[in-house]
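model.cif, holding mmCIF, C-alpha atoms:
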```
data_start
loop_
_atom_site.label_atom_id
_atom_site.label_comp_id
_atom_site.auth_asym_id
_atom_site.auth_seq_id
_atom_site.Cartn_x
_atom_site.Cartn_y
_atom_site.Cartn_z
CA VAL A 1 116.64 162.75 114.03
CA SER A 2 119.79 162.96 116.10
CA LEU A 3 122.32 165.62 115.21
CA GLY A 4 125.80 164.63 114.00
CA ASP A 5 128.71 165.19 116.39
CA SER A 6 130.06 168.23 114.54
CA GLU A 7 126.65 169.92 114.32
CA LYS A 8 125.90 169.13 117.95
CA ARG A 9 129.25 170.60 118.97
CA ARG A 10 128.56 173.75 116.98
CA ARG A 11 125.14 174.19 118.59
CA LEU A 12 126.48 173.61 122.09
CA HIS A 13 129.26 176.16 121.68
CA ALA A 14 126.74 178.62 120.26
CA GLU A 15 124.33 178.07 123.15
CA GLY A 16 127.09 178.56 125.67
CA SER A 17 128.40 181.79 124.16
CA LYS A 18 125.40 183.54 122.58
CA MET A 19 124.44 185.12 125.90
CA SER A 20 127.86 186.71 126.22
CA GLU A 21 129.90 189.36 124.49
CA GLU A 22 133.27 188.28 123.14
CA ILE A 23 135.71 191.09 123.82
CA LYS A 24 138.89 189.83 122.16
CA THR A 25 141.24 186.88 121.64
CA ILE A 26 144.55 187.01 123.48
CA LYS A 27 147.66 185.00 124.29
CA ILE A 28 148.08 184.30 128.00
CA ARG A 29 150.34 182.21 130.23
CA PRO A 30 148.49 179.34 131.97
CA SER A 31 149.89 180.46 135.32
CA GLU A 32 147.93 183.73 134.98
CA ILE A 33 144.58 181.95 134.65
CA LYS A 34 142.41 181.54 137.74
CA ILE A 35 140.59 178.22 138.09
CA GLY A 36 137.82 178.14 140.64
CA ARG A 37 135.71 175.19 141.69
CA ARG A 38 135.03 173.14 138.57
CA ILE A 39 132.25 170.69 137.67
CA ARG A 40 134.39 167.92 136.24
CA SER A 41 135.98 165.62 138.82
CA GLU A 42 138.03 163.78 136.18
CA LEU A 43 139.79 165.19 133.11
CA GLY A 44 140.17 161.88 131.27
CA ASP A 45 143.04 160.91 128.96
CA LEU A 46 145.09 164.06 128.31
CA ASP A 47 147.72 162.28 126.21
CA SER A 48 145.30 161.72 123.30
CA LEU A 49 144.44 165.42 123.34
CA ILE A 50 148.11 166.40 123.52
CA SER A 51 148.85 164.37 120.40
CA THR A 52 146.41 166.52 118.41
CA PHE A 53 148.35 169.70 119.23
CA ASP A 54 151.21 168.59 116.95
CA GLU A 55 148.84 167.49 114.21
CA VAL A 56 146.26 170.28 114.02
CA GLY A 57 147.05 172.66 116.85
CA MET A 58 144.37 173.82 119.29
CA LEU A 59 141.18 173.99 117.26
CA HIS A 60 139.09 175.69 119.97
CA PRO A 61 140.72 178.30 122.24
CA ILE A 62 139.88 178.23 125.92
CA GLY A 63 137.46 180.84 127.31
CA ILE A 64 138.19 183.27 130.12
CA THR A 65 136.62 186.33 131.74
CA PRO A 66 138.24 189.80 131.74
CA ASP A 67 139.70 189.04 135.20
CA LYS A 68 141.32 185.89 133.77
CA THR A 69 138.96 183.36 135.37
CA LEU A 70 138.52 180.20 133.32
CA ILE A 71 135.06 179.79 131.76
CA PHE A 72 135.57 176.67 129.67
CA GLY A 73 138.39 174.53 128.28
CA GLU A 74 139.95 173.19 131.49
CA ARG A 75 140.90 169.92 129.83
CA ARG A 76 142.60 171.74 126.93
CA LEU A 77 144.40 174.01 129.40
CA LYS A 78 145.72 171.11 131.48
CA ALA A 79 146.84 169.22 128.36
CA TRP A 80 148.64 172.36 127.12
CA GLN A 81 150.42 172.79 130.46
CA LYS A 82 151.47 169.15 130.46
CA LYS A 83 153.07 169.51 127.03
CA TYR A 84 154.26 173.12 126.95
CA GLY A 85 154.49 174.20 130.58
CA ASP A 86 153.78 177.91 130.97
CA ARG A 87 154.02 178.77 127.27
CA GLN A 88 151.32 181.23 126.20
CA ILE A 89 147.99 179.73 125.14
CA GLU A 90 145.27 181.28 122.98
CA ALA A 91 142.17 182.36 124.90
CA ARG A 92 138.90 184.06 124.01
CA VAL A 93 137.82 186.71 126.49
CA PHE A 94 134.10 186.93 127.25
CA SER A 95 132.07 189.33 129.33
CA LEU A 96 129.98 187.02 131.51
CA ASP A 97 128.30 187.20 134.88
CA GLU A 98 128.66 184.23 137.25
CA ASN A 99 125.43 182.51 136.18
CA LYS A 100 126.30 182.71 132.48
CA ARG A 101 129.86 181.57 133.15
CA LYS A 102 128.62 178.45 134.93
CA PHE A 103 126.02 177.83 132.22
CA ALA A 104 128.72 177.97 129.51
CA GLU A 105 130.94 175.56 131.44
CA PHE A 106 128.14 173.05 131.97
CA VAL A 107 127.07 173.22 128.31
CA GLU A 108 130.59 172.51 127.08
CA ASN A 109 131.02 169.64 129.55
CA VAL A 110 127.96 167.79 128.24
CA GLU A 111 129.53 167.33 124.81
CA ARG A 112 132.53 165.48 126.21
CA LYS A 113 132.39 161.78 125.44
CA ASP A 114 134.81 160.85 128.23
CA LEU A 115 132.70 162.21 131.09
CA SER A 116 131.86 159.85 133.91
CA TRP A 117 128.13 159.28 134.37
CA GLN A 118 128.35 161.28 137.60
CA ASP A 119 129.87 164.36 135.93
CA ARG A 120 127.52 164.10 132.96
CA ALA A 121 124.49 164.05 135.28
CA ARG A 122 125.82 167.07 137.18
CA SER A 123 126.47 168.93 133.93
CA ILE A 124 123.00 168.30 132.49
CA SER A 125 121.47 169.31 135.80
CA GLY A 126 123.68 172.41 135.81
CA VAL A 127 122.49 173.52 132.37
CA ASP A 128 118.92 173.21 133.60
CA ARG A 129 119.59 175.02 136.88
CA TYR A 130 121.51 177.96 135.42
CA GLY A 131 119.20 178.22 132.42
CA ARG A 132 116.38 178.86 134.89
CA LYS A 133 118.44 181.45 136.76
CA ILE A 134 119.28 183.33 133.55
CA PHE A 135 116.00 183.13 131.63
CA GLY A 136 113.47 182.61 134.40
CA GLU A 137 111.64 179.45 135.33
CA VAL A 138 108.51 178.14 133.67
CA LYS A 139 105.75 177.91 136.26
CA GLU A 140 103.50 174.89 136.65
CA ARG A 141 100.96 174.64 133.80
CA GLU A 142 102.56 177.64 132.03
CA ARG A 143 102.49 177.28 128.24
CA THR A 144 105.80 176.64 126.51
CA ASP A 145 104.60 175.63 123.04
CA LEU A 146 104.81 177.71 119.86
CA THR A 147 101.57 179.54 120.65
CA ALA A 148 102.91 180.87 123.95
CA SER A 149 103.68 184.55 124.34
CA ALA A 150 107.18 185.83 123.63
CA ALA A 151 107.79 186.30 127.35
CA GLU A 152 106.76 182.71 128.09
CA ALA A 153 108.74 181.30 125.18
CA VAL A 154 112.13 182.45 126.52
CA LYS A 155 111.63 180.99 129.99
CA TRP A 156 113.55 177.83 130.86
CA SER A 157 112.23 174.34 131.45
CA GLU A 158 113.43 170.75 131.29
CA LEU A 159 112.19 170.68 127.70
CA LYS A 160 114.42 173.64 126.84
CA THR A 161 117.38 171.89 128.46
CA ALA A 162 116.66 168.76 126.43
CA GLU A 163 116.38 170.73 123.18
CA THR A 164 119.57 172.65 123.88
CA LEU A 165 121.60 169.49 124.55
CA ASN A 166 119.85 167.31 121.95
CA ILE A 167 118.78 164.76 124.56
CA SER A 168 115.40 163.51 125.73
CA PRO A 169 113.40 165.20 128.53
CA PRO A 170 113.49 161.98 130.63
CA THR A 171 117.31 162.09 130.43
CA VAL A 172 117.19 165.59 131.96
CA SER A 173 114.83 164.41 134.72
CA ASP A 174 117.07 161.45 135.51
CA ALA A 175 120.17 163.68 135.64
CA LYS A 176 118.46 166.06 138.06
CA LEU A 177 117.33 163.20 140.29
CA LEU A 178 120.82 161.70 140.34
CA THR A 179 122.49 165.03 141.09
CA LYS A 180 120.11 165.86 143.92
CA THR A 181 120.35 162.38 145.44
CA MET A 182 124.16 162.20 145.17
CA GLU A 183 124.44 165.37 147.27
CA LYS A 184 122.63 163.78 150.21
CA HIS A 185 123.51 160.13 149.65
CA PRO A 186 127.16 159.60 148.57
CA GLU A 187 126.53 155.89 148.11
CA VAL A 188 124.60 156.70 144.92
CA ALA A 189 127.69 158.27 143.33
CA LYS A 190 129.71 155.16 144.17
CA LYS A 191 127.61 152.96 141.88
CA ARG A 192 129.58 151.68 138.92
CA THR A 193 126.84 152.32 136.36
CA GLN A 194 124.23 155.03 135.93
CA ARG A 195 121.52 152.38 135.68
CA ALA A 196 122.38 151.04 139.12
CA ALA A 197 122.59 154.56 140.53
CA LEU A 198 119.20 155.49 139.12
CA LYS A 199 117.64 152.39 140.61
CA LEU A 200 118.97 153.34 144.05
CA ALA A 201 118.07 157.03 143.65
CA ARG A 202 114.46 156.17 142.77
CA LYS A 203 114.27 153.81 145.74
CA ILE A 204 115.53 156.56 148.06
CA LYS A 205 113.09 159.08 146.57
CA ALA A 206 110.14 156.71 147.05
CA LYS A 207 111.17 156.03 150.65
CA GLU A 208 111.55 159.74 151.47
CA LYS A 209 108.22 160.51 149.83
CA GLY A 210 106.55 157.83 151.92
CA GLU A 211 108.10 159.16 155.12
CA THR A 212 106.93 162.67 154.27
CA ARG A 213 103.35 161.48 153.91
CA LEU A 214 103.48 159.74 157.28
CA ALA A 215 104.91 162.79 159.04
#
```

Rewrite the structure from the file as structure tokens, please.
Amino acid sequence: VSLGDSEKRRRLHAEGSKMSEEIKTIKIRPSEIKIGRRIRSELGDLDSLISTFDEVGMLHPIGITPDKTLIFGERRLKAWQKKYGDRQIEARVFSLDENKRKFAEFVENVERKDLSWQDRARSISGVDRYGRKIFGEVKERERTDLTASAAEAVKWSELKTAETLNISPPTVSDAKLLTKTMEKHPEVAKKRTQRAALKLARKIKAKEKGETRLA
């Protein structure tokens, strides 16, 4: 049974922050926040988000590290700057290493309904990639069911990514294929729909596999 939006959002935020230690909540000027290379290439419609500030305020503060590097909430930050300029914004400070910071950002991105198919694929793939870096990677034929040892159970796999994001394992596999193929073949990312991109990515994969066998 699929989770409702509110429950899914709660689980995603929990997954993204449970590996970290929240130090405090502060008020900070947007100009003080450092924004490195981000996953999202498009921020979507900021005006609709801005309109909610007057109605209900900012329901979820942005997240930053102790050195003021943005962890998550770029869209909220940009909307705030557009409306209020450099007025102080509420931020939660987390102690995170680089892998956990990227994991948290990818997890939050997946819940966004306005993501392009390209950014969504990169975000799902990112959750899988950084989950493996943080928890360790399940080896081929290693058990990951309920009868596995405690050490095996915490290791990361595509199934764990799917469970975390409440999506199917094939969706994770497709996202990883798209992300990998887009890096080498920009024409895949230019496809208007994910379906068309997947068709091309699978064709490229089959061709490369065939060439490898002949080599």

Next on the checklist: Once the PyMOL selection byres ((chain A and resi 132) around 10) has been evaluated on this model, what residues remain selected, and can you format them as a PyMOL selection string?
Outcome noted: chain A and resi 99+126-131+133-138+155-158+160-161

Output of the above residues as a PDB file, in the frame of the given file, restricted to C-alpha atoms:
```pdb
ATOM      1  CA  ASN A  99     125.430 182.510 136.180  1.00  0.00           C
ATOM      2  CA  GLY A 126     123.680 172.410 135.810  1.00  0.00           C
ATOM      3  CA  VAL A 127     122.490 173.520 132.370  1.00  0.00           C
ATOM      4  CA  ASP A 128     118.920 173.210 133.600  1.00  0.00           C
ATOM      5  CA  ARG A 129     119.590 175.020 136.880  1.00  0.00           C
ATOM      6  CA  TYR A 130     121.510 177.960 135.420  1.00  0.00           C
ATOM      7  CA  GLY A 131     119.200 178.220 132.420  1.00  0.00           C
ATOM      8  CA  LYS A 133     118.440 181.450 136.760  1.00  0.00           C
ATOM      9  CA  ILE A 134     119.280 183.330 133.550  1.00  0.00           C
ATOM     10  CA  PHE A 135     116.000 183.130 131.630  1.00  0.00           C
ATOM     11  CA  GLY A 136     113.470 182.610 134.400  1.00  0.00           C
ATOM     12  CA  GLU A 137     111.640 179.450 135.330  1.00  0.00           C
ATOM     13  CA  VAL A 138     108.510 178.140 133.670  1.00  0.00           C
ATOM     14  CA  LYS A 155     111.630 180.990 129.990  1.00  0.00           C
ATOM     15  CA  TRP A 156     113.550 177.830 130.860  1.00  0.00           C
ATOM     16  CA  SER A 157     112.230 174.340 131.450  1.00  0.00           C
ATOM     17  CA  GLU A 158     113.430 170.750 131.290  1.00  0.00           C
ATOM     18  CA  LYS A 160     114.420 173.640 126.840  1.00  0.00           C
ATOM     19  CA  THR A 161     117.380 171.890 128.460  1.00  0.00           C
TER      20      THR A 161
END
```

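From CA of Ile64 in chain A back to CA of Phe94 in chain A, the distance works out to 6.2 Å.
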
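We find CA of Trp80 in chain A and CA of Ile28 in chain A to be spaced 12.0 Å apart.
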
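Proximity to Asp174 in chain A was assessed for A:Ser95, A:Gln194, A:Gln81, A:Ser48 counting only C-alpha atoms; the smallest distance is recorded for A:Gln194.
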
Item to check | Selection: 12 Å around Thr65 in chain A, all atoms listed in the file, excl. self and same-chain fewer than 4 positions, as a PyMOL selection string | outcome: chain A and resi 20-26+33-35+69-72+91-98+100-102+104

Next on the checklist: I want to know what sits within 12 Å of Asp114 in chain A, based on only C-alpha atoms, with residues of the same chain fewer than 4 positions away left out; could you give that as a ChimeraX atom specification?
Outcome noted: /A:40-46,48-49,75,109-110,118-120

Checklist entry - Any idea what the distance is between CA of Val107 in chain A and CA of Thr164 in chain A? => result 8.7 Å

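Run against this file, the PyMOL selection byres ((chain A and resi 178) around 9) gives back Gln118, Ala121, Arg122, Ser125, Ser173, Asp174, Ala175, Lys176, Leu177, Thr179, Lys180, Thr181, Met182, Glu183, Val188, Ala189, Gln194, Ala197, Leu198, Ala201 and Arg202 of chain A.
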
Might I get the box with edges along x, y and z of the file that holds all atoms of range 185-200 of chain A listed there, padded by 4 Å on every side, given as centre and edge lengths in Å to one decimal, as AutoDock Vina command-line options?
```
--center_x 123.7 --center_y 155.6 --center_z 142.7 --size_x 20.1 --size_y 17.1 --size_z 22.0
```

Item to check | Leu59 in chain A surroundings by all atoms listed in the file, 12 Å radius, close-in-sequence under 3 positions cut, as an NGL selection string | outcome: :A and (49 or 52-56 or 62 or 73 or 76 or 89-91)
